[in-house]
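J.: One file: query_7.pdb (PDB, C-alpha atoms and all ligand atoms).
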ATOM      1  CA  MET A   1      -3.025  -3.176   5.856  1.00  0.00           C
ATOM      2  CA  LEU A   2      -6.276  -5.052   5.925  1.00  0.00           C
ATOM      3  CA  ARG A   3      -7.911  -2.251   4.088  1.00  0.00           C
ATOM      4  CA  THR A   4     -10.945  -2.273   1.929  1.00  0.00           C
ATOM      5  CA  VAL A   5     -10.122  -1.637  -1.681  1.00  0.00           C
ATOM      6  CA  VAL A   6     -11.398   1.561  -3.224  1.00  0.00           C
ATOM      7  CA  LEU A   7     -12.018   1.286  -6.940  1.00  0.00           C
ATOM      8  CA  ALA A   8     -13.226   4.391  -8.641  1.00  0.00           C
ATOM      9  CA  VAL A   9     -15.368   2.705 -11.258  1.00  0.00           C
ATOM     10  CA  LEU A  10     -17.265   0.775  -8.653  1.00  0.00           C
ATOM     11  CA  VAL A  11     -17.874   3.755  -6.458  1.00  0.00           C
ATOM     12  CA  ALA A  12     -18.947   5.897  -9.376  1.00  0.00           C
ATOM     13  CA  ILE A  13     -21.626   3.496 -10.518  1.00  0.00           C
ATOM     14  CA  LEU A  14     -22.805   2.211  -7.172  1.00  0.00           C
ATOM     15  CA  GLY A  15     -22.988   5.770  -5.897  1.00  0.00           C
ATOM     16  CA  CYS A  16     -26.092   6.287  -8.031  1.00  0.00           C
ATOM     17  CA  ARG A  17     -28.042   3.365  -6.663  1.00  0.00           C
ATOM     18  CA  SER A  18     -30.247   5.297  -4.261  1.00  0.00           C
ATOM     19  CA  GLN A  19     -31.351   8.047  -6.633  1.00  0.00           C
ATOM     20  CA  PRO A  20     -34.952   8.930  -5.842  1.00  0.00           C
ATOM     21  CA  GLY A  21     -37.619   8.411  -8.466  1.00  0.00           C
ATOM     22  CA  SER A  22     -35.778   5.710 -10.391  1.00  0.00           C
ATOM     23  CA  SER A  23     -37.961   3.822 -12.863  1.00  0.00           C
ATOM     24  CA  SER A  24     -37.917   0.034 -12.806  1.00  0.00           C
ATOM     25  CA  TRP A  25     -35.969   0.114 -16.086  1.00  0.00           C
ATOM     26  CA  THR A  26     -33.375   2.374 -14.523  1.00  0.00           C
ATOM     27  CA  ALA A  27     -33.227   0.147 -11.477  1.00  0.00           C
ATOM     28  CA  ALA A  28     -32.674  -2.910 -13.683  1.00  0.00           C
ATOM     29  CA  TRP A  29     -29.965  -1.092 -15.627  1.00  0.00           C
ATOM     30  CA  GLN A  30     -28.267  -0.084 -12.418  1.00  0.00           C
ATOM     31  CA  GLN A  31     -28.363  -3.658 -11.182  1.00  0.00           C
ATOM     32  CA  ASN A  32     -26.626  -4.822 -14.339  1.00  0.00           C
ATOM     33  CA  ALA A  33     -24.134  -1.971 -14.119  1.00  0.00           C
ATOM     34  CA  GLU A  34     -23.355  -2.886 -10.536  1.00  0.00           C
ATOM     35  CA  ALA A  35     -22.827  -6.529 -11.437  1.00  0.00           C
ATOM     36  CA  LEU A  36     -20.534  -5.524 -14.300  1.00  0.00           C
ATOM     37  CA  ALA A  37     -18.602  -3.061 -12.160  1.00  0.00           C
ATOM     38  CA  GLY A  38     -18.295  -5.662  -9.429  1.00  0.00           C
ATOM     39  CA  ALA A  39     -16.909  -8.233 -11.844  1.00  0.00           C
ATOM     40  CA  ARG A  40     -14.406  -5.723 -13.221  1.00  0.00           C
ATOM     41  CA  ALA A  41     -13.321  -4.675  -9.748  1.00  0.00           C
ATOM     42  CA  ALA A  42     -12.810  -8.312  -8.751  1.00  0.00           C
ATOM     43  CA  ALA A  43     -10.792  -9.028 -11.896  1.00  0.00           C
ATOM     44  CA  GLU A  44      -8.581  -5.982 -11.289  1.00  0.00           C
ATOM     45  CA  LEU A  45      -8.014  -6.801  -7.639  1.00  0.00           C
ATOM     46  CA  GLU A  46      -7.237 -10.434  -8.388  1.00  0.00           C
ATOM     47  CA  SER A  47      -4.794  -9.628 -11.185  1.00  0.00           C
ATOM     48  CA  THR A  48      -2.836  -7.140  -9.064  1.00  0.00           C
ATOM     49  CA  HIS A  49      -2.467  -9.485  -6.085  1.00  0.00           C
ATOM     50  CA  GLY A  50      -1.194 -12.673  -7.654  1.00  0.00           C
ATOM     51  CA  GLY A  51      -4.426 -14.070  -9.063  1.00  0.00           C
ATOM     52  CA  ILE A  52      -6.734 -16.559  -7.416  1.00  0.00           C
ATOM     53  CA  PHE A  53      -4.771 -19.137  -5.479  1.00  0.00           C
ATOM     54  CA  CYS A  54      -6.447 -22.494  -5.983  1.00  0.00           C
ATOM     55  CA  CYS A  55      -6.094 -25.100  -3.301  1.00  0.00           C
ATOM     56  CA  PRO A  56      -9.319 -26.983  -2.556  1.00  0.00           C
ATOM     57  CA  GLU A  57      -8.474 -27.696   1.097  1.00  0.00           C
ATOM     58  CA  ARG A  58      -7.553 -24.117   1.919  1.00  0.00           C
ATOM     59  CA  GLN A  59     -10.488 -22.781  -0.067  1.00  0.00           C
ATOM     60  CA  ALA A  60     -12.915 -25.024   1.807  1.00  0.00           C
ATOM     61  CA  ARG A  61     -11.481 -23.944   5.161  1.00  0.00           C
ATOM     62  CA  LEU A  62     -11.712 -20.263   4.278  1.00  0.00           C
ATOM     63  CA  GLU A  63     -15.307 -20.669   3.091  1.00  0.00           C
ATOM     64  CA  ARG A  64     -16.292 -22.556   6.234  1.00  0.00           C
ATOM     65  CA  ILE A  65     -14.820 -19.999   8.607  1.00  0.00           C
ATOM     66  CA  GLY A  66     -15.897 -17.027   6.503  1.00  0.00           C
ATOM     67  CA  SER A  67     -19.485 -18.255   6.405  1.00  0.00           C
ATOM     68  CA  GLU A  68     -19.525 -18.751  10.166  1.00  0.00           C
ATOM     69  CA  VAL A  69     -18.713 -15.073  10.595  1.00  0.00           C
ATOM     70  CA  ALA A  70     -20.660 -13.627   7.666  1.00  0.00           C
ATOM     71  CA  VAL A  71     -23.970 -15.127   8.786  1.00  0.00           C
ATOM     72  CA  HIS A  72     -23.883 -12.685  11.720  1.00  0.00           C
ATOM     73  CA  SER A  73     -23.372  -9.636   9.521  1.00  0.00           C
ATOM     74  CA  GLU A  74     -26.171  -7.188   8.808  1.00  0.00           C
ATOM     75  CA  LEU A  75     -25.236  -7.640   5.130  1.00  0.00           C
ATOM     76  CA  HIS A  76     -25.850 -11.364   5.176  1.00  0.00           C
ATOM     77  CA  GLU A  77     -27.896 -12.960   2.423  1.00  0.00           C
ATOM     78  CA  PRO A  78     -27.562 -16.701   1.895  1.00  0.00           C
ATOM     79  CA  GLY A  79     -25.355 -17.614  -1.040  1.00  0.00           C
ATOM     80  CA  MET A  80     -24.150 -14.060  -1.660  1.00  0.00           C
ATOM     81  CA  TRP A  81     -20.728 -14.244  -0.009  1.00  0.00           C
ATOM     82  CA  HIS A  82     -17.547 -15.201  -1.837  1.00  0.00           C
ATOM     83  CA  PHE A  83     -14.317 -16.017  -0.033  1.00  0.00           C
ATOM     84  CA  ARG A  84     -11.138 -16.330  -2.054  1.00  0.00           C
ATOM     85  CA  LEU A  85      -7.391 -16.720  -1.594  1.00  0.00           C
ATOM     86  CA  LEU A  86      -5.037 -14.540  -3.620  1.00  0.00           C
ATOM     87  CA  GLY A  87      -1.569 -15.648  -4.678  1.00  0.00           C
ATOM     88  CA  SER A  88       0.315 -12.672  -3.201  1.00  0.00           C
ATOM     89  CA  ASP A  89       2.995 -13.396  -0.572  1.00  0.00           C
ATOM     90  CA  THR A  90       2.309 -10.133   1.257  1.00  0.00           C
ATOM     91  CA  PRO A  91      -0.004 -10.600   4.243  1.00  0.00           C
ATOM     92  CA  ASN A  92      -3.163  -8.672   3.456  1.00  0.00           C
ATOM     93  CA  ALA A  93      -6.931  -8.924   3.146  1.00  0.00           C
ATOM     94  CA  PHE A  94      -9.486  -7.094   1.016  1.00  0.00           C
ATOM     95  CA  ALA A  95     -13.211  -6.712   0.599  1.00  0.00           C
ATOM     96  CA  LEU A  96     -15.348  -5.636  -2.340  1.00  0.00           C
ATOM     97  CA  PRO A  97     -18.915  -4.350  -1.973  1.00  0.00           C
ATOM     98  CA  THR A  98     -20.150  -7.366  -3.913  1.00  0.00           C
ATOM     99  CA  ARG A  99     -19.501  -9.308  -0.683  1.00  0.00           C
ATOM    100  CA  ARG A 100     -16.241 -10.720  -1.954  1.00  0.00           C
ATOM    101  CA  ILE A 101     -13.666 -11.217   0.786  1.00  0.00           C
ATOM    102  CA  TYR A 102     -10.056 -12.014  -0.058  1.00  0.00           C
ATOM    103  CA  LEU A 103      -7.119 -13.174   2.005  1.00  0.00           C
ATOM    104  CA  THR A 104      -3.667 -13.373   0.493  1.00  0.00           C
ATOM    105  CA  ARG A 105      -1.658 -16.561   0.619  1.00  0.00           C
ATOM    106  CA  GLY A 106       0.904 -14.624   2.655  1.00  0.00           C
ATOM    107  CA  LEU A 107      -1.659 -13.885   5.359  1.00  0.00           C
ATOM    108  CA  TYR A 108      -3.147 -17.359   5.259  1.00  0.00           C
ATOM    109  CA  GLU A 109       0.239 -19.050   5.685  1.00  0.00           C
ATOM    110  CA  ARG A 110       1.364 -16.709   8.443  1.00  0.00           C
ATOM    111  CA  ILE A 111      -1.837 -17.483  10.361  1.00  0.00           C
ATOM    112  CA  GLY A 112      -1.227 -21.225  10.108  1.00  0.00           C
ATOM    113  CA  ASP A 113      -3.798 -23.541  11.650  1.00  0.00           C
ATOM    114  CA  ASP A 114      -5.494 -21.031  13.942  1.00  0.00           C
ATOM    115  CA  ASP A 115      -9.090 -20.752  12.666  1.00  0.00           C
ATOM    116  CA  ALA A 116      -9.860 -17.846  15.007  1.00  0.00           C
ATOM    117  CA  LEU A 117      -7.286 -15.660  13.231  1.00  0.00           C
ATOM    118  CA  ILE A 118      -8.860 -16.391   9.852  1.00  0.00           C
ATOM    119  CA  ALA A 119     -12.202 -15.442  11.406  1.00  0.00           C
ATOM    120  CA  ALA A 120     -10.680 -12.203  12.706  1.00  0.00           C
ATOM    121  CA  ALA A 121      -9.392 -11.210   9.261  1.00  0.00           C
ATOM    122  CA  VAL A 122     -12.767 -11.952   7.669  1.00  0.00           C
ATOM    123  CA  ALA A 123     -14.659 -10.120  10.415  1.00  0.00           C
ATOM    124  CA  HIS A 124     -12.521  -7.016   9.954  1.00  0.00           C
ATOM    125  CA  GLU A 125     -13.155  -6.950   6.211  1.00  0.00           C
ATOM    126  CA  ILE A 126     -16.908  -7.462   6.661  1.00  0.00           C
ATOM    127  CA  ALA A 127     -16.862  -4.580   9.148  1.00  0.00           C
ATOM    128  CA  HIS A 128     -15.447  -2.273   6.454  1.00  0.00           C
ATOM    129  CA  LEU A 129     -18.287  -3.331   4.150  1.00  0.00           C
ATOM    130  CA  GLN A 130     -20.917  -2.696   6.823  1.00  0.00           C
ATOM    131  CA  ARG A 131     -19.481   0.791   7.344  1.00  0.00           C
ATOM    132  CA  ARG A 132     -19.461   1.354   3.567  1.00  0.00           C
ATOM    133  CA  ASP A 133     -15.879   2.563   3.878  1.00  0.00           C
ATOM    134  CA  CYS A 134     -15.150   1.842   0.216  1.00  0.00           C
ATOM    135  CA  PHE A 135     -17.713   4.461  -0.809  1.00  0.00           C
ATOM    136  CA  LYS A 136     -16.138   7.203   1.301  1.00  0.00           C
ATOM    137  CA  PRO A 137     -13.591   9.687   0.009  1.00  0.00           C
ATOM    138  CA  ASP A 138      -9.928   8.853   0.570  1.00  0.00           C
ATOM    139  CA  CYS A 139      -8.748   9.690   4.046  1.00  0.00           C
ATOM    140  CA  ALA A 140      -7.070  13.082   4.322  1.00  0.00           C
ATOM    141  CA  SER A 141      -4.603  11.945   6.975  1.00  0.00           C
ATOM    142  CA  ALA A 142      -3.070   8.924   8.670  1.00  0.00           C
ATOM    143  CA  ASP A 143      -5.122   9.708  11.771  1.00  0.00           C
ATOM    144  CA  GLU A 144      -8.313   9.520   9.747  1.00  0.00           C
ATOM    145  CA  ARG A 145      -7.215   6.201   8.249  1.00  0.00           C
ATOM    146  CA  LEU A 146      -6.440   4.852  11.695  1.00  0.00           C
ATOM    147  CA  GLY A 147      -9.842   6.070  12.874  1.00  0.00           C
ATOM    148  CA  ARG A 148     -11.534   4.003  10.187  1.00  0.00           C
ATOM    149  CA  GLU A 149      -9.533   0.968  11.264  1.00  0.00           C
ATOM    150  CA  HIS A 150     -10.568   1.511  14.892  1.00  0.00           C
ATOM    151  CA  ALA A 151     -14.238   1.694  13.929  1.00  0.00           C
ATOM    152  CA  ALA A 152     -13.987  -1.455  11.794  1.00  0.00           C
ATOM    153  CA  ASP A 153     -12.098  -3.276  14.555  1.00  0.00           C
ATOM    154  CA  LEU A 154     -14.895  -2.719  17.077  1.00  0.00           C
ATOM    155  CA  ILE A 155     -17.508  -4.120  14.677  1.00  0.00           C
ATOM    156  CA  ALA A 156     -15.203  -7.046  13.923  1.00  0.00           C
ATOM    157  CA  VAL A 157     -14.850  -7.868  17.621  1.00  0.00           C
ATOM    158  CA  GLU A 158     -18.636  -7.971  17.936  1.00  0.00           C
ATOM    159  CA  LEU A 159     -18.930 -10.226  14.860  1.00  0.00           C
ATOM    160  CA  LEU A 160     -16.359 -12.587  16.349  1.00  0.00           C
ATOM    161  CA  ARG A 161     -18.289 -12.710  19.607  1.00  0.00           C
ATOM    162  CA  ARG A 162     -21.555 -13.520  17.807  1.00  0.00           C
ATOM    163  CA  ALA A 163     -19.810 -16.231  15.780  1.00  0.00           C
ATOM    164  CA  SER A 164     -18.445 -17.788  19.000  1.00  0.00           C
ATOM    165  CA  TYR A 165     -14.834 -17.041  18.172  1.00  0.00           C
ATOM    166  CA  PRO A 166     -12.679 -15.457  20.891  1.00  0.00           C
ATOM    167  CA  PRO A 167     -13.037 -11.668  20.468  1.00  0.00           C
ATOM    168  CA  GLU A 168      -9.372 -11.212  21.405  1.00  0.00           C
ATOM    169  CA  SER A 169      -8.454 -13.045  18.188  1.00  0.00           C
ATOM    170  CA  LEU A 170      -8.443  -9.727  16.367  1.00  0.00           C
ATOM    171  CA  SER A 171      -5.816  -8.305  18.705  1.00  0.00           C
ATOM    172  CA  ARG A 172      -3.683 -11.413  18.221  1.00  0.00           C
ATOM    173  CA  LEU A 173      -4.018 -11.033  14.459  1.00  0.00           C
ATOM    174  CA  LEU A 174      -3.057  -7.357  14.569  1.00  0.00           C
ATOM    175  CA  ARG A 175       0.101  -8.175  16.521  1.00  0.00           C
ATOM    176  CA  LEU A 176       0.909 -11.014  14.134  1.00  0.00           C
ATOM    177  CA  ILE A 177       0.932  -8.604  11.197  1.00  0.00           C
ATOM    178  CA  ASP A 178       2.552  -5.691  13.016  1.00  0.00           C
ATOM    179  CA  ASP A 179       5.391  -5.556  10.470  1.00  0.00           C
ATOM    180  CA  VAL A 180       3.125  -4.851   7.489  1.00  0.00           C
ATOM    181  CA  GLN A 181       1.209  -2.017   9.139  1.00  0.00           C
ATOM    182  CA  PRO A 182       2.382   1.551   9.644  1.00  0.00           C
ATOM    183  CA  HIS A 183       4.678   1.829  12.672  1.00  0.00           C
ATOM    184  CA  GLY A 184       2.783   1.724  15.954  1.00  0.00           C
ATOM    185  CA  TRP A 185      -0.613   0.928  14.435  1.00  0.00           C
ATOM    186  CA  ALA A 186      -0.906  -2.622  15.725  1.00  0.00           C
ATOM    187  CA  GLU A 187      -0.425  -1.552  19.349  1.00  0.00           C
ATOM    188  CA  ALA A 188      -2.656   1.515  18.912  1.00  0.00           C
ATOM    189  CA  ARG A 189      -5.434  -0.675  17.520  1.00  0.00           C
ATOM    190  CA  VAL A 190      -5.090  -3.276  20.248  1.00  0.00           C
ATOM    191  CA  ARG A 191      -5.183  -0.511  22.874  1.00  0.00           C
ATOM    192  CA  TYR A 192      -8.329   0.968  21.316  1.00  0.00           C
ATOM    193  CA  ILE A 193     -10.046  -2.430  21.321  1.00  0.00           C
ATOM    194  CA  ASP A 194      -9.052  -3.016  24.953  1.00  0.00           C
ATOM    195  CA  GLN A 195     -10.364   0.399  26.041  1.00  0.00           C
ATOM    196  CA  ALA A 196     -13.673  -0.133  24.259  1.00  0.00           C
ATOM    197  CA  SER A 197     -14.194  -3.600  25.736  1.00  0.00           C
TER     198      SER A 197
HETATM  199 ZN    ZN B 201      -9.043  -2.318   7.732  1.00  0.00          ZN
END
Output the structure of this file as structure tokens.
Ligand SMILES: [Zn+2]

T.:
Amino acid sequence: MLRTVVLAVLVAILGCRSQPGSSSWTAAWQQNAEALAGARAAAELESTHGGIFCCPERQARLERIGSEVAVHSELHEPGMWHFRLLGSDTPNAFALPTRRIYLTRGLYERIGDDDALIAAAVAHEIAHLQRRDCFKPDCASADERLGREHAADLIAVELLRRASYPPESLSRLLRLIDDVQPHGWAEARVRYIDQAS
């Protein structure tokens, strides 16, 4: 739940980006390859989660709240973030390294009119990007997966604080989506946040 998507093609190509001694031609090629891989990854993610859900009002709200959080991220560059709604009914959120953040319609509708919970979902996904979790090998165990969530949650809480949203919004969100997480994770994550605060 609320996990960053790992797409092999993206990781394979982006993994080469910091090779030492790259010529400018190679760097330009890599930039194009990254853009292409990013577009493919987005298309794959969108097609497997119900496609892009178009609703101008909802889209504008997501972009407003997402931008309020993203501007406080170490990854922030003006105009580089994309926030989108997916058509899937299952509450979930995703992030791609191309600074694309997705919330499903199921998550959006469960959240309702509480902007702070939208901010919490976005902050958690941005935290995964900051930690470069999508470039790491798959977790070997559930404990390792939970550990990654804990680490992302702490960054997300700090992003919420900087964006002037209540930091406890993340804990409220985690409880709200308890049913779509592995058993016991929501409480474990809330406890971890509380202990670190
Ligand atoms: Zn996560």

J.: Let me make sure I understand: among A:Val69, A:Ala127, A:Ile111, A:Leu173, which one has the smallest atom-to-atom distance to ligand ZN 201 (chain B) if we use all atoms listed in the file?

T.: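 The shortest atom-to-atom distance to ligand ZN 201 (chain B) comes from A:Ala127.
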
J.: For the file shown, what are the residues hit by the PyMOL selection byres (((not hetatm)) within 12 of (chain B and resi 201)), laid out as a count of residues only?

T.: 43

J.: Quick check, in Å to one decimal: how far apart do atom CA of A:Val190 and atom CA of A:Ser171 lie?

T.: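 One can read the atom CA of A:Val190 to atom CA of A:Ser171 distance as 5.3 Å.
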
J.: How many Å separate atom CA of A:Asp143 from atom CA of A:Glu74?

T.: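 Distance reported for this atom pair: 27.2 Å.
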
J.: Given the file above and the PyMOL selection byres (((chain A and resi 41-44) around 9) and not hetatm), which residues are selected, and can you give them as a CSV table (one decimal) with C-alpha atoms, in the coordinates of the input?

T.:
chain,number,residue,atom,x,y,z
A,7,LEU,CA,-12.0,1.3,-6.9
A,9,VAL,CA,-15.4,2.7,-11.3
A,10,LEU,CA,-17.3,0.8,-8.7
A,36,LEU,CA,-20.5,-5.5,-14.3
A,37,ALA,CA,-18.6,-3.1,-12.2
A,38,GLY,CA,-18.3,-5.7,-9.4
A,39,ALA,CA,-16.9,-8.2,-11.8
A,40,ARG,CA,-14.4,-5.7,-13.2
A,45,LEU,CA,-8.0,-6.8,-7.6
A,46,GLU,CA,-7.2,-10.4,-8.4
A,47,SER,CA,-4.8,-9.6,-11.2
A,48,THR,CA,-2.8,-7.1,-9.1
A,49,HIS,CA,-2.5,-9.5,-6.1
A,51,GLY,CA,-4.4,-14.1,-9.1
A,96,LEU,CA,-15.3,-5.6,-2.3
A,98,THR,CA,-20.2,-7.4,-3.9
A,100,ARG,CA,-16.2,-10.7,-2.0

J.: Looking at only C-alpha atoms, which of A:Arg84, A:Val71, A:Glu187, A:Pro97 is the one that sits closest to A:Arg162?

T.: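 Among the listed residues, A:Val71 lies closest to A:Arg162.
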
J.: Would you work out the distance separating atom CA of A:Ser73 from atom CA of A:Ala119, expressed in Å to one decimal?

T.: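 Separation of atom CA of A:Ser73 and atom CA of A:Ala119: 12.7 Å.
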
J.: Given only C-alpha atoms as the basis, pick out the residue of A:Glu77, A:Asp115, A:Glu34, A:Glu57 nearest to A:Tyr165.

T.: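 Using only C-alpha atoms, A:Tyr165 sits closest to A:Asp115.
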
J.: Using N, CA and C atoms, give me stretch 172-195 of chain A from the structure I just pasted, as an mmCIF file, in the first residue's frame.

T.:
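Result saved to result_15.cif:
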data_model
loop_
_atom_site.group_PDB
_atom_site.id
_atom_site.type_symbol
_atom_site.label_atom_id
_atom_site.label_comp_id
_atom_site.auth_asym_id
_atom_site.auth_seq_id
_atom_site.Cartn_x
_atom_site.Cartn_y
_atom_site.Cartn_z
ATOM 1 N N ARG A 172 -3.457 9.727 10.526
ATOM 2 C CA ARG A 172 -4.900 9.603 10.245
ATOM 3 C C ARG A 172 -5.122 8.893 8.914
ATOM 4 N N LEU A 173 -4.279 9.230 7.938
ATOM 5 C CA LEU A 173 -4.406 8.569 6.627
ATOM 6 C C LEU A 173 -4.127 7.068 6.751
ATOM 7 N N LEU A 174 -3.078 6.729 7.480
ATOM 8 C CA LEU A 174 -2.709 5.311 7.606
ATOM 9 C C LEU A 174 -3.838 4.507 8.252
ATOM 10 N N ARG A 175 -4.494 5.098 9.235
ATOM 11 C CA ARG A 175 -5.620 4.403 9.877
ATOM 12 C C ARG A 175 -6.808 4.295 8.929
ATOM 13 N N LEU A 176 -6.985 5.330 8.108
ATOM 14 C CA LEU A 176 -8.103 5.339 7.162
ATOM 15 C C LEU A 176 -7.980 4.217 6.127
ATOM 16 N N ILE A 177 -6.749 3.846 5.821
ATOM 17 C CA ILE A 177 -6.540 2.813 4.792
ATOM 18 C C ILE A 177 -5.968 1.538 5.407
ATOM 19 N N ASP A 178 -6.289 1.323 6.668
ATOM 20 C CA ASP A 178 -5.837 0.133 7.390
ATOM 21 C C ASP A 178 -6.186 -1.152 6.641
ATOM 22 N N ASP A 179 -7.384 -1.192 6.057
ATOM 23 C CA ASP A 179 -7.891 -2.427 5.443
ATOM 24 C C ASP A 179 -7.147 -2.823 4.172
ATOM 25 N N VAL A 180 -6.428 -1.905 3.552
ATOM 26 C CA VAL A 180 -5.728 -2.268 2.310
ATOM 27 C C VAL A 180 -4.221 -2.425 2.537
ATOM 28 N N GLN A 181 -3.821 -2.430 3.787
ATOM 29 C CA GLN A 181 -2.416 -2.687 4.122
ATOM 30 C C GLN A 181 -2.317 -4.071 4.760
ATOM 31 N N PRO A 182 -1.109 -4.639 4.776
ATOM 32 C CA PRO A 182 -0.949 -5.898 5.499
ATOM 33 C C PRO A 182 -1.411 -5.745 6.953
ATOM 34 N N HIS A 183 -1.919 -6.823 7.524
ATOM 35 C CA HIS A 183 -2.488 -6.778 8.872
ATOM 36 C C HIS A 183 -1.480 -6.207 9.886
ATOM 37 N N GLY A 184 -1.944 -5.222 10.622
ATOM 38 C CA GLY A 184 -1.123 -4.650 11.698
ATOM 39 C C GLY A 184 -0.185 -3.530 11.272
ATOM 40 N N TRP A 185 -0.059 -3.316 9.961
ATOM 41 C CA TRP A 185 0.905 -2.304 9.494
ATOM 42 C C TRP A 185 0.496 -0.890 9.874
ATOM 43 N N ALA A 186 -0.783 -0.580 9.737
ATOM 44 C CA ALA A 186 -1.208 0.797 10.005
ATOM 45 C C ALA A 186 -0.833 1.182 11.427
ATOM 46 N N GLU A 187 -1.163 0.315 12.396
ATOM 47 C CA GLU A 187 -0.857 0.648 13.795
ATOM 48 C C GLU A 187 0.651 0.688 14.035
ATOM 49 N N ALA A 188 1.378 -0.247 13.418
ATOM 50 C CA ALA A 188 2.841 -0.278 13.582
ATOM 51 C C ALA A 188 3.461 1.011 13.050
ATOM 52 N N ARG A 189 2.936 1.489 11.939
ATOM 53 C CA ARG A 189 3.486 2.723 11.338
ATOM 54 C C ARG A 189 3.133 3.938 12.184
ATOM 55 N N VAL A 190 1.919 3.973 12.672
ATOM 56 C CA VAL A 190 1.521 5.100 13.531
ATOM 57 C C VAL A 190 2.378 5.112 14.795
ATOM 58 N N ARG A 191 2.607 3.934 15.359
ATOM 59 C CA ARG A 191 3.418 3.825 16.585
ATOM 60 C C ARG A 191 4.836 4.334 16.319
ATOM 61 N N TYR A 192 5.375 3.935 15.178
ATOM 62 C CA TYR A 192 6.756 4.347 14.825
ATOM 63 C C TYR A 192 6.841 5.873 14.683
ATOM 64 N N ILE A 193 5.840 6.452 14.036
ATOM 65 C CA ILE A 193 5.810 7.912 13.880
ATOM 66 C C ILE A 193 5.733 8.579 15.252
ATOM 67 N N ASP A 194 4.855 8.053 16.103
ATOM 68 C CA ASP A 194 4.685 8.643 17.447
ATOM 69 C C ASP A 194 5.984 8.572 18.245
ATOM 70 N N GLN A 195 6.671 7.435 18.152
ATOM 71 C CA GLN A 195 7.923 7.274 18.932
ATOM 72 C C GLN A 195 9.017 8.195 18.418
#
